[in-house]
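Engineer: Enclosed is the structure file target_5.txt (compact mmCIF, C-alpha atoms and all ligand atoms).
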# COMPACT_ATOMS: atom_id res chain seq x y z
CA MET A 232 -12.20 -8.45 4.70
CA LEU A 233 -13.56 -6.97 7.93
CA VAL A 234 -13.62 -3.21 8.43
CA GLY A 235 -14.84 -1.56 11.60
CA ARG A 236 -14.06 -0.18 15.03
CA GLY A 237 -12.70 -2.12 18.00
CA LEU A 238 -11.68 -5.20 16.01
CA LEU A 239 -8.05 -5.56 17.13
CA PRO A 240 -8.84 -6.56 20.73
CA GLN A 241 -11.13 -9.29 19.35
CA LEU A 242 -8.45 -10.76 17.09
CA GLY A 243 -8.46 -14.24 18.66
CA ASP A 244 -12.24 -14.61 18.44
CA LEU A 245 -12.37 -13.20 14.92
CA LEU A 246 -9.89 -15.81 13.70
CA GLN A 247 -12.07 -18.52 15.17
CA VAL A 248 -15.30 -17.22 13.68
CA GLU A 249 -14.22 -15.60 10.39
CA ALA A 250 -11.22 -17.72 9.37
CA ASN A 251 -12.38 -21.08 10.74
CA ALA A 252 -9.16 -21.33 12.71
CA GLY A 253 -8.78 -24.65 14.46
CA PRO A 254 -9.18 -24.76 18.27
CA ARG A 255 -5.43 -25.45 18.80
CA GLU A 256 -3.78 -23.43 16.05
CA SER A 257 -0.11 -22.39 16.39
CA ARG A 258 0.59 -18.81 15.39
CA TYR A 259 3.50 -16.59 14.53
CA LEU A 260 2.61 -12.96 15.24
CA MET A 261 4.72 -10.20 13.66
CA VAL A 262 4.14 -6.79 15.12
CA ASP A 263 5.52 -3.52 13.78
CA ARG A 264 7.23 -1.95 16.78
CA GLY A 265 6.17 1.50 15.61
CA VAL A 266 2.56 0.44 16.06
CA ASP A 267 3.23 -1.49 19.22
CA ASP A 268 4.70 1.58 20.93
CA VAL A 269 1.42 3.46 20.57
CA VAL A 270 -1.31 0.87 20.20
CA ALA A 271 -0.15 -2.03 22.37
CA LEU A 272 -0.99 -0.54 25.73
CA SER A 273 -4.61 -0.04 24.81
CA HIS A 274 -5.36 -2.97 22.50
CA GLY A 275 -2.35 -5.10 21.67
CA ALA A 276 -2.12 -6.98 24.97
CA VAL A 277 -5.77 -8.02 24.74
CA ALA A 278 -5.26 -9.11 21.13
CA GLU A 279 -2.20 -11.14 22.09
CA ALA A 280 -3.99 -12.85 24.96
CA GLY A 281 -6.81 -13.78 22.60
CA LEU A 282 -4.38 -15.27 20.09
CA ARG A 283 -2.51 -17.18 22.78
CA SER A 284 -5.61 -18.78 24.27
CA SER A 285 -5.95 -21.19 21.38
CA GLY A 286 -2.43 -22.61 21.25
CA THR A 287 1.25 -21.79 20.78
CA LEU A 288 1.86 -18.11 20.09
CA VAL A 289 5.28 -16.87 19.02
CA VAL A 290 5.61 -13.08 18.92
CA ASP A 291 8.29 -11.08 17.13
CA ARG A 292 8.49 -7.31 17.08
CA PHE A 293 10.47 -5.51 14.41
CA ARG A 294 11.05 -1.91 13.42
CA ALA A 295 9.39 -1.31 10.03
CA GLY A 296 11.47 0.52 7.45
CA GLU A 297 12.30 0.00 3.79
CA HIS A 298 15.83 -1.10 4.79
CA GLU A 299 14.47 -3.56 7.37
CA LYS A 300 12.09 -4.99 4.75
CA GLY A 301 14.66 -7.59 3.76
CA LEU A 302 15.97 -11.09 4.04
CA ALA A 303 17.33 -10.73 7.59
CA VAL A 304 13.85 -10.22 9.07
CA VAL A 305 12.46 -13.06 6.96
CA GLN A 306 15.25 -15.43 8.02
CA ALA A 307 14.73 -14.49 11.66
CA GLY A 308 11.04 -15.32 11.19
CA TRP A 309 11.77 -18.70 9.59
CA ASP A 310 14.24 -19.53 12.38
CA ARG A 311 11.77 -18.60 15.12
CA MET A 312 9.08 -20.75 13.53
CA LEU A 313 11.50 -23.65 13.23
CA ALA A 314 12.69 -23.33 16.83
CA SER A 315 9.08 -23.10 18.07
CA GLY A 316 7.90 -26.11 16.11
CA LEU A 317 5.41 -24.16 13.98
CA ASP A 318 4.49 -26.59 11.21
CA ARG A 319 2.49 -26.35 8.00
CA THR A 320 -0.79 -26.13 9.89
CA SER A 321 0.27 -22.89 11.60
CA ARG A 322 -0.74 -19.32 10.79
CA VAL A 323 1.21 -16.09 10.36
CA VAL A 324 -0.48 -12.93 11.65
CA ALA A 325 0.82 -9.41 10.93
CA VAL A 326 -0.09 -6.23 12.77
CA GLY A 327 1.32 -3.09 11.15
CA GLY A 328 1.61 -1.04 8.00
CA GLY A 329 2.37 -2.18 4.47
CA ILE A 330 5.90 -3.19 5.40
CA ALA A 331 4.75 -5.59 8.14
CA CYS A 332 2.07 -7.00 5.81
CA ASP A 333 4.53 -7.52 2.93
CA VAL A 334 7.22 -9.16 5.10
CA ALA A 335 4.89 -11.38 7.13
CA GLY A 336 3.07 -12.29 3.92
CA PHE A 337 6.34 -13.42 2.37
CA ILE A 338 7.19 -15.51 5.44
CA ALA A 339 3.75 -17.13 5.25
CA ALA A 340 4.14 -17.76 1.51
CA THR A 341 7.49 -19.50 1.92
CA TRP A 342 7.34 -21.28 5.29
CA MET A 343 6.83 -24.99 4.56
CA ARG A 344 5.69 -23.95 1.06
CA GLY A 345 2.95 -21.78 2.44
CA VAL A 346 0.89 -21.44 5.61
CA LYS A 347 -2.26 -19.48 6.47
CA LEU A 348 -1.98 -15.71 6.67
CA THR A 349 -4.03 -13.06 8.45
CA LEU A 350 -3.27 -9.36 8.07
CA VAL A 351 -4.23 -6.58 10.46
CA PRO A 352 -3.20 -3.40 8.61
CA THR A 353 -2.80 -0.30 10.79
CA THR A 354 -2.05 2.42 8.21
CA LEU A 355 -4.59 3.84 5.79
CA LEU A 356 -2.35 2.82 2.88
CA ALA A 357 -2.15 -0.77 4.07
CA MET A 358 -5.91 -0.96 4.72
CA VAL A 359 -6.93 0.22 1.26
CA ASP A 360 -4.00 -1.18 -0.70
CA ALA A 361 -1.03 -3.19 0.64
CA ALA A 362 -3.00 -5.78 2.65
CA LEU A 363 -5.22 -6.58 -0.32
CA GLY A 364 -4.45 -8.46 -3.48
CA GLY A 365 -1.98 -11.08 -2.33
CA LYS A 366 1.30 -9.42 -3.31
CA THR A 367 3.99 -10.09 -0.70
CA GLY A 368 7.65 -9.25 -0.89
CA ILE A 369 10.93 -7.84 0.34
CA ASN A 370 13.53 -5.38 -0.94
CA ARG A 371 17.04 -6.28 -2.10
CA PRO A 372 20.14 -4.10 -2.21
CA LEU A 373 21.14 -3.06 -5.75
CA PRO A 374 24.72 -3.31 -7.05
CA ASP A 375 24.89 0.51 -7.32
CA GLY A 376 24.07 0.85 -3.61
CA GLY A 377 20.40 1.65 -4.10
CA LEU A 378 17.46 -0.38 -2.88
CA GLY A 379 15.49 -2.58 -5.27
CA LYS A 380 11.93 -2.41 -3.97
CA ASN A 381 9.87 -5.61 -3.77
CA LEU A 382 12.30 -7.52 -6.01
CA VAL A 383 11.67 -10.84 -4.25
CA GLY A 384 8.17 -11.96 -3.42
CA ALA A 385 5.22 -14.18 -4.08
CA PHE A 386 1.49 -13.98 -4.63
CA TRP A 387 0.04 -15.22 -1.35
CA PRO A 388 -3.34 -13.79 -0.32
CA ALA A 389 -4.42 -13.53 3.30
CA ASP A 390 -7.43 -15.59 4.22
CA LEU A 391 -8.59 -12.72 6.42
CA VAL A 392 -7.82 -9.00 6.44
CA ILE A 393 -9.00 -7.11 9.52
CA CYS A 394 -9.05 -3.31 9.36
CA ASP A 395 -9.62 -1.79 12.80
CA THR A 396 -10.04 1.89 11.95
CA ASP A 397 -9.51 2.84 15.62
CA THR A 398 -5.79 2.13 15.08
CA LEU A 399 -5.67 5.07 12.66
CA ALA A 400 -6.05 7.45 15.62
CA THR A 401 -2.32 7.26 16.33
CA LEU A 402 -1.06 7.22 12.75
CA PRO A 403 1.26 10.17 12.05
CA ASP A 404 -0.48 12.85 10.01
CA ARG A 405 1.91 12.57 7.08
CA GLU A 406 1.26 8.81 6.83
CA LEU A 407 -2.53 9.32 6.91
CA ARG A 408 -2.33 11.87 4.08
CA ALA A 409 -0.04 9.58 2.07
CA GLY A 410 -2.67 6.84 2.25
CA LEU A 411 -5.26 9.23 0.83
CA ALA A 412 -3.42 9.34 -2.51
CA GLU A 413 -4.36 5.69 -3.09
CA CYS A 414 -7.97 6.50 -2.16
CA ILE A 415 -8.07 9.27 -4.80
CA LYS A 416 -6.65 6.78 -7.28
CA HIS A 417 -9.41 4.30 -6.44
CA GLY A 418 -12.04 7.03 -6.92
CA LEU A 419 -10.60 7.96 -10.32
CA ILE A 420 -10.65 4.32 -11.40
CA GLU A 421 -14.08 3.44 -10.03
CA GLY A 422 -16.10 6.44 -11.11
CA GLU A 423 -17.96 9.58 -10.21
CA GLU A 424 -19.94 8.20 -7.27
CA THR A 425 -16.86 6.92 -5.40
CA LEU A 426 -14.85 10.06 -6.13
CA ALA A 427 -17.71 12.32 -5.03
CA SER A 428 -18.04 10.37 -1.76
CA LEU A 429 -14.35 10.87 -1.16
CA GLU A 430 -14.66 14.58 -1.80
CA SER A 431 -17.55 14.91 0.65
CA GLU A 432 -15.99 12.74 3.39
CA LEU A 433 -12.47 14.12 3.15
CA ASP A 434 -12.74 16.63 6.00
CA GLY A 435 -14.05 13.89 8.32
CA VAL A 436 -11.19 11.58 7.35
CA LEU A 437 -8.56 14.28 7.87
CA SER A 438 -9.96 14.99 11.33
CA ARG A 439 -10.10 11.19 11.92
CA ASP A 440 -13.78 11.21 12.70
CA PRO A 441 -14.27 7.64 14.01
CA GLU A 442 -17.77 7.55 12.55
CA VAL A 443 -16.56 8.43 9.03
CA LEU A 444 -13.47 6.22 8.78
CA PRO A 445 -15.01 2.70 8.59
CA ALA A 446 -17.26 3.36 5.58
CA PHE A 447 -14.54 5.41 3.89
CA VAL A 448 -11.95 2.63 4.27
CA ALA A 449 -14.43 -0.07 3.24
CA ARG A 450 -15.39 1.81 0.06
CA SER A 451 -11.81 2.45 -1.06
CA ALA A 452 -10.56 -1.03 -0.13
CA GLY A 453 -13.58 -2.45 -1.96
CA VAL A 454 -12.40 -0.90 -5.23
CA LYS A 455 -9.04 -2.65 -5.04
CA ALA A 456 -10.53 -5.92 -3.80
CA GLU A 457 -12.93 -6.02 -6.74
CA VAL A 458 -10.28 -5.27 -9.37
CA VAL A 459 -8.02 -7.95 -7.88
CA ARG A 460 -10.86 -10.46 -7.69
CA ARG A 461 -11.33 -10.09 -11.44
CA ASP A 462 -7.61 -10.19 -12.33
CA PHE A 463 -5.48 -11.69 -9.54
CA ARG A 464 -2.30 -12.29 -11.58
CA GLU A 465 -2.32 -8.85 -13.24
CA SER A 466 -2.84 -10.13 -16.75
CA GLY A 467 -5.16 -7.24 -17.60
CA GLU A 468 -7.39 -4.99 -15.55
CA ARG A 469 -5.22 -5.04 -12.40
CA ALA A 470 -2.67 -2.91 -14.28
CA LEU A 471 -5.15 0.00 -13.97
CA LEU A 472 -4.17 0.17 -10.28
CA ASN A 473 -0.84 1.56 -11.52
CA LEU A 474 -2.52 4.88 -12.31
CA GLY A 475 0.00 7.58 -11.32
CA HIS A 476 2.53 4.93 -10.29
CA THR A 477 4.89 4.99 -13.30
CA TYR A 478 5.63 8.64 -12.49
CA ALA A 479 5.64 7.88 -8.74
CA HIS A 480 8.17 5.05 -9.02
CA ALA A 481 10.46 7.32 -11.07
CA MET A 482 10.23 9.96 -8.30
CA GLU A 483 10.82 7.35 -5.58
CA SER A 484 13.96 6.18 -7.38
CA ARG A 485 15.45 9.57 -6.41
CA SER A 486 15.59 9.13 -2.65
CA SER A 487 16.99 12.67 -2.40
CA LEU A 488 13.44 13.91 -3.11
CA GLY A 489 12.45 12.48 0.28
CA LEU A 490 8.92 11.52 -0.76
CA LEU A 491 6.73 8.90 0.87
CA HIS A 492 5.17 6.50 -1.61
CA GLY A 493 1.73 8.10 -1.24
CA GLU A 494 3.17 11.58 -1.74
CA ALA A 495 4.81 10.45 -4.98
CA VAL A 496 1.52 8.85 -6.05
CA GLY A 497 -0.36 12.12 -5.44
CA ILE A 498 2.05 14.03 -7.70
CA GLY A 499 1.97 11.09 -10.13
CA LEU A 500 -1.82 11.35 -10.41
CA VAL A 501 -1.55 15.02 -11.39
CA ALA A 502 1.13 14.09 -13.94
CA ALA A 503 -0.99 11.25 -15.34
CA ALA A 504 -3.97 13.60 -15.72
CA ALA A 505 -1.81 16.13 -17.60
CA ALA A 506 -0.40 13.36 -19.80
CA SER A 507 -3.99 12.27 -20.54
CA VAL A 508 -4.77 15.79 -21.77
CA ALA A 509 -1.63 15.80 -23.93
CA ALA A 510 -2.70 12.46 -25.40
CA GLY A 511 -5.99 14.07 -26.43
CA MET A 512 -7.95 11.80 -24.10
CA ALA A 513 -9.13 14.19 -21.36
CA SER A 514 -9.99 17.84 -20.83
CA PRO A 515 -7.81 20.23 -18.79
CA ALA A 516 -10.62 20.36 -16.20
CA LEU A 517 -9.60 16.83 -15.11
CA VAL A 518 -6.09 18.01 -14.27
CA GLU A 519 -7.51 20.81 -12.14
CA ARG A 520 -9.90 18.49 -10.32
CA VAL A 521 -7.15 15.99 -9.52
CA ARG A 522 -4.73 18.74 -8.48
CA ARG A 523 -7.35 20.33 -6.19
CA LEU A 524 -8.16 17.02 -4.56
CA VAL A 525 -4.52 16.06 -3.97
CA ASP A 526 -3.95 19.52 -2.52
CA ARG A 527 -6.99 19.22 -0.22
CA CYS A 528 -5.43 16.06 1.21
CA GLY A 529 -2.44 18.16 2.22
CA LEU A 530 -0.25 16.30 -0.24
CA PRO A 531 2.32 17.96 -2.53
CA VAL A 532 1.03 18.59 -6.07
CA ALA A 533 4.42 19.38 -7.61
CA LEU A 534 8.11 18.71 -7.23
CA PRO A 535 9.92 21.87 -6.20
CA GLY A 536 13.44 22.55 -7.40
CA VAL A 537 13.87 19.65 -9.79
CA THR A 538 16.97 20.23 -11.88
CA GLU A 539 17.43 19.04 -15.46
CA VAL A 540 19.76 16.36 -14.11
CA VAL A 541 17.16 14.94 -11.76
CA LEU A 542 14.49 15.11 -14.45
CA THR A 543 16.73 13.16 -16.82
CA GLU A 544 17.33 10.55 -14.12
CA MET A 545 13.60 10.19 -13.54
CA ARG A 546 12.96 9.83 -17.28
CA ARG A 547 15.62 7.11 -17.31
CA ALA A 548 13.97 5.39 -14.36
CA MET A 549 10.74 5.29 -16.39
CA THR A 550 12.67 3.60 -19.20
CA LEU A 551 13.84 0.96 -16.76
CA ASP A 552 10.22 0.45 -15.77
CA LYS A 553 9.59 0.04 -19.49
CA LYS A 554 12.13 -2.80 -19.76
CA VAL A 555 10.41 -4.59 -16.93
CA ALA A 556 7.16 -4.33 -18.87
CA GLY A 557 8.67 -6.04 -21.92
CA GLY A 558 10.29 -3.18 -23.79
CA VAL A 559 7.26 -0.91 -24.19
CA LEU A 560 6.27 1.85 -21.79
CA ARG A 561 2.73 1.28 -20.59
CA LEU A 562 1.19 4.35 -19.02
CA VAL A 563 -2.19 4.35 -17.32
CA LEU A 564 -4.13 7.33 -18.62
CA MET A 565 -7.66 8.69 -18.14
CA ARG A 566 -10.44 9.66 -20.51
CA GLY A 567 -12.27 10.90 -17.45
CA VAL A 568 -13.32 9.80 -13.98
CA GLY A 569 -14.15 6.09 -14.17
CA ALA A 570 -12.66 5.79 -17.68
CA VAL A 571 -9.06 4.68 -17.17
CA GLU A 572 -6.99 2.67 -19.62
CA VAL A 573 -3.50 1.37 -20.24
CA VAL A 574 -1.80 3.09 -23.17
CA SER A 575 1.17 1.33 -24.74
CA ASP A 576 4.01 3.51 -25.96
CA PRO A 577 2.29 6.89 -25.40
CA GLY A 578 5.26 8.82 -26.82
CA SER A 579 7.74 11.14 -25.15
CA GLU A 580 5.63 14.28 -25.69
CA VAL A 581 2.80 12.79 -23.69
CA VAL A 582 5.14 11.56 -20.95
CA ASP A 583 6.92 14.93 -20.77
CA ALA A 584 3.62 16.83 -20.55
CA GLY A 585 3.07 14.94 -17.30
CA TRP A 586 6.47 15.97 -15.95
CA ALA A 587 5.95 19.59 -17.06
CA ALA A 588 2.69 19.78 -15.08
CA VAL A 589 4.36 18.83 -11.80
CA ARG A 590 7.77 20.37 -12.08
CA THR A 591 8.81 23.73 -10.78
CA GLU A 592 12.21 24.98 -11.92
CA GLY A 593 15.17 24.55 -9.62
N1 LIG B 601 1.70 -5.62 -1.35
C1 LIG B 601 1.13 -4.62 -1.96
O1 LIG B 601 0.24 -4.77 -2.80
C2 LIG B 601 1.56 -3.22 -1.61
C3 LIG B 601 0.83 -2.12 -2.07
C4 LIG B 601 1.22 -0.85 -1.68
C5 LIG B 601 2.34 -0.68 -0.86
N2 LIG B 601 3.03 -1.77 -0.44
C6 LIG B 601 4.19 -1.63 0.43
O2 LIG B 601 3.76 -1.04 1.66
C7 LIG B 601 4.86 -0.34 2.25
C8 LIG B 601 4.36 1.00 2.73
O3 LIG B 601 3.36 0.77 3.67
P1 LIG B 601 2.90 1.91 4.71
O4 LIG B 601 2.68 3.17 3.98
O5 LIG B 601 1.81 1.33 5.50
O6 LIG B 601 4.23 2.16 5.55
P2 LIG B 601 4.88 1.47 6.85
O7 LIG B 601 4.52 0.06 6.98
O8 LIG B 601 6.32 1.85 6.79
O9 LIG B 601 4.21 2.32 8.03
C9 LIG B 601 4.45 3.72 8.09
C10 LIG B 601 4.90 4.15 9.48
O10 LIG B 601 3.75 4.24 10.31
C11 LIG B 601 3.97 3.52 11.53
N3 LIG B 601 2.64 3.03 11.91
C12 LIG B 601 1.90 2.09 11.29
N4 LIG B 601 0.69 2.02 11.82
C13 LIG B 601 0.64 2.93 12.82
C14 LIG B 601 -0.37 3.33 13.73
N5 LIG B 601 -1.60 2.83 13.69
N6 LIG B 601 -0.06 4.30 14.63
C15 LIG B 601 1.18 4.85 14.65
N7 LIG B 601 2.16 4.53 13.80
C16 LIG B 601 1.89 3.58 12.89
C17 LIG B 601 4.99 2.46 11.16
O11 LIG B 601 5.70 2.00 12.28
C18 LIG B 601 5.86 3.20 10.17
O12 LIG B 601 6.81 3.98 10.87
C19 LIG B 601 5.93 -0.23 1.18
O13 LIG B 601 7.01 -1.08 1.51
C20 LIG B 601 5.24 -0.69 -0.11
O14 LIG B 601 6.13 -1.33 -0.98
C21 LIG B 601 2.66 -3.04 -0.79
Now, as a test, write the supplied structure out as structure tokens.
Ligand SMILES: NC(=O)c1ccc[n+]([C@@H]2O[C@H](COP(=O)([O-])OP(=O)(O)OC[C@H]3O[C@@H](n4cnc5c(N)ncnc54)[C@H](O)[C@@H]3O)[C@@H](O)[C@H]2O)c1
Structural biologist:
Amino acid sequence: MLVGRGLLPQLGDLLQVEANAGPRESRYLMVDRGVDDVVALSHGAVAEAGLRSSGTLVVDRFRAGEHEKGLAVVQAGWDRMLASGLDRTSRVVAVGGGIACDVAGFIAATWMRGVKLTLVPTTLLAMVDAALGGKTGINRPLPDGGLGKNLVGAFWPADLVICDTDTLATLPDRELRAGLAECIKHGLIEGEETLASLESELDGVLSRDPEVLPAFVARSAGVKAEVVRRDFRESGERALLNLGHTYAHAMESRSSLGLLHGEAVGIGLVAAAAASVAAGMASPALVERVRRLVDRCGLPVALPGVTEVVLTEMRRAMTLDKKVAGGVLRLVLMRGVGAVEVVSDPGSEVVDAGWAAVRTEG
């Protein structure tokens, strides 16, 4: 993983030097149009020229969205690669947020049973989370009309992840803040030193200080990279990265709440801290610290106006999560900062204490 400033324009050279790309490598470049609109004029054209100089370059632009993150975009990618003669020695490159990384990753995982993959994440969330760890995937429509997130996918790690923090300059404010929820999560998992660094650098990150961002991104991404290195297939420790996510996924299942993933994770972290107190594992001071930090990021700390009906639906969504995990709800709880563990079947009182901490009557 490379993290720094001014990396995107050097993409072609970086592939040569850091990924040992062959001198005549064919490439399929997928660019998120939302990024292209704002970044391309300054950097993208240079990056594209660099990629093209070493061989065939096929470029596709697509509009990232959860509904576009599906089979149609993947099929279009396969067809373009077929028509352009991109064989098993070729490479897929993605420039964009988590959606571009997940879709391009899935194309790379499946084209000719797998080709090389390089990711250039351009959102904070993708830099510290989605581009790392090798999970790729697409959504599928559900029979009830909803959207099943990441139902089809594969483990297929990129051989190079390039985080150019200069691209964060154009990221919408709400998206930047959403990415910070995952950074808080990484601090809570890793320990006091990482969380304290986050607390002290937060103002610089929120003002997008270009001198602060590279070290901040590298530290947070490093937490995920290290956990994944030790447990790639999620047979143990990697499950700790789900801190706050069981609550978050339940909130996201109610699209009427209108939350971004990171916003749901922020609220989910507060809920998980409160559940940890109810389980007798942590002190109430932890809940306050997490709530204060989430709030400082400009993220919501509670769900306003949640009716009993919606709460019941979210509880049910957690039960569905439970089925996926083999019939037993597994909640990630905290004994303190840097002391996080998976608790099997924590009991409804513990789970509900989490909901009570983040719910305001509606
Ligand atoms: N594979 C994994 O391990 C993993 C982990 C976490 C999340 N994800 C997935 O990631 C996706 C969310 O990713 P995301 O939060 O990056 O959202 P995203 O990819 O939808 O990007 C958010 C928005 O920001 C725009 N954008 C991106 N970079 C920009 C830039 N530099 N300047 C201006 N606009 C920019 C995009 O066009 C988009 O509109 C979800 O689909 C989620 O399932 C995957």
Engineer: I need the residue nearest ligand LIG 601 (chain B) from this list: A:Gly376, A:Gly345, A:Gly243, A:Pro403. Use all atoms listed in the file for the distance.
Structural biologist: A:Pro403
Engineer: May I have the residues within 8 Å of ligand LIG 601 (chain B), computed using all atoms listed in the file, as number ranges by chain?
Structural biologist: A: 263-266, 268-270, 294-297, 300, 327-333, 352-357, 360-369, 380-381, 398-403, 406, 409-410, 491-493
Engineer: Any idea what the distance is between CA of Ala504 (chain A) and CA of Leu534 (chain A)?
Structural biologist: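 Atom-to-atom, CA of Ala504 (chain A) to CA of Leu534 (chain A), that is 15.6 Å.
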Engineer: Of the candidates A:Trp586, A:Leu282, A:Gly384, A:Arg469, which shows the shortest atom-to-atom distance to Glu457 (chain A), using all atoms listed in the file?
Structural biologist: A:Arg469
Engineer: State, in Å with one decimal place, the distance from CA of Val582 (chain A) to CA of Cys528 (chain A).
Structural biologist: 25.0 Å
Engineer: Could you give me, as number ranges by chain, the residues within 6 Å of Leu260 (chain A), counting only C-alpha atoms and dropping anything in the same chain fewer than 2 positions from it?
Structural biologist: A: 290, 323-325
Engineer: Write the residues of the preceding selection, restricted to C-alpha atoms, as a CSV table (one decimal), in the coordinates of the input.
Structural biologist:
chain,number,residue,atom,x,y,z
A,290,VAL,CA,5.6,-13.1,18.9
A,323,VAL,CA,1.2,-16.1,10.4
A,324,VAL,CA,-0.5,-12.9,11.6
A,325,ALA,CA,0.8,-9.4,10.9
Engineer: Please tell me which residues are no farther than 8 Å from (-2.3, 18.6, -14.0) in the file, counting all atoms listed in the file, and write them as a ChimeraX atom specification.
Structural biologist: /A:501-505,515,517-519,521-522,585,588-589
Engineer: Save the residues we just selected, C-alpha atoms, as an mmCIF file, in the frame of the given file?
Structural biologist:
data_model
loop_
_atom_site.group_PDB
_atom_site.id
_atom_site.type_symbol
_atom_site.label_atom_id
_atom_site.label_comp_id
_atom_site.auth_asym_id
_atom_site.auth_seq_id
_atom_site.Cartn_x
_atom_site.Cartn_y
_atom_site.Cartn_z
ATOM 1 C CA VAL A 501 -1.550 15.020 -11.390
ATOM 2 C CA ALA A 502 1.130 14.090 -13.940
ATOM 3 C CA ALA A 503 -0.990 11.250 -15.340
ATOM 4 C CA ALA A 504 -3.970 13.600 -15.720
ATOM 5 C CA ALA A 505 -1.810 16.130 -17.600
ATOM 6 C CA PRO A 515 -7.810 20.230 -18.790
ATOM 7 C CA LEU A 517 -9.600 16.830 -15.110
ATOM 8 C CA VAL A 518 -6.090 18.010 -14.270
ATOM 9 C CA GLU A 519 -7.510 20.810 -12.140
ATOM 10 C CA VAL A 521 -7.150 15.990 -9.520
ATOM 11 C CA ARG A 522 -4.730 18.740 -8.480
ATOM 12 C CA GLY A 585 3.070 14.940 -17.300
ATOM 13 C CA ALA A 588 2.690 19.780 -15.080
ATOM 14 C CA VAL A 589 4.360 18.830 -11.800
#
Engineer: Where does region 552-581 of chain A meet region 418-430 of chain A within 12 Å, residue by residue, with the nearest atom pair and distance in Å to one decimal for each, counting only C-alpha atoms, listed by chain and rising number, as CSV?
Structural biologist:
residue,atom,partner,partner_atom,distance
A:Val563,CA,A:Ile420,CA,10.3
A:Leu564,CA,A:Ile420,CA,10.2
A:Met565,CA,A:Leu419,CA,8.4
A:Arg566,CA,A:Leu419,CA,10.3
A:Gly567,CA,A:Leu419,CA,7.9
A:Val568,CA,A:Leu419,CA,4.9
A:Gly569,CA,A:Gly422,CA,3.6
A:Ala570,CA,A:Ile420,CA,6.8
A:Val571,CA,A:Ile420,CA,6.0
A:Glu572,CA,A:Ile420,CA,9.1
A:Val573,CA,A:Ile420,CA,11.7
Engineer: Report, in Å to a single decimal, how far apart CA of Thr341 (chain A) and CA of Ala278 (chain A) are.
Structural biologist: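 Pair CA of Ala278 (chain A) / CA of Thr341 (chain A) returns 25.3 Å.
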Engineer: Which is closest to Leu242 (chain A) among A:Gly286, A:Arg371, A:Asp395, A:Pro254, if we use all atoms listed in the file?
Structural biologist: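 Residue with the minimum atom-to-atom distance to Leu242 (chain A): A:Asp395.
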Engineer: Give one line per residue of region 320-412 of chain A that approaches region 303-312 of chain A to at most 7 Å, naming the two atoms of the closest pair and their distance in Å to one decimal, counting only C-alpha atoms; sort by chain then ascending residue number and deliver it as a tab-separated table.
Structural biologist:
residue	atom	partner	partner_atom	distance
A:Val334	CA	A:Val305	CA	6.8
A:Ile338	CA	A:Val305	CA	6.0
A:Trp342	CA	A:Trp309	CA	6.7
Engineer: For each of A:Phe463, A:Val359, A:Asp526, A:Leu411, take the minimum atom-to-atom distance to Leu437 (chain A), counting all atoms listed in the file, then give the residue where this is smallest.
Structural biologist: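 Closest to Leu437 (chain A), using all atoms listed in the file: A:Leu411.
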Engineer: Go through A:Val443, A:Val541, A:Leu500, A:Ala509 and flag the residue nearest Glu580 (chain A), using only C-alpha atoms for the distances.
Structural biologist: A:Ala509
Engineer: Identify which of the residues A:Met545, A:Leu562, A:Ala449, A:Ala456 lies closest to Pro388 (chain A), counting only C-alpha atoms when measuring atom-to-atom distances.
Structural biologist: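 Residue with the minimum atom-to-atom distance to Pro388 (chain A): A:Ala456.
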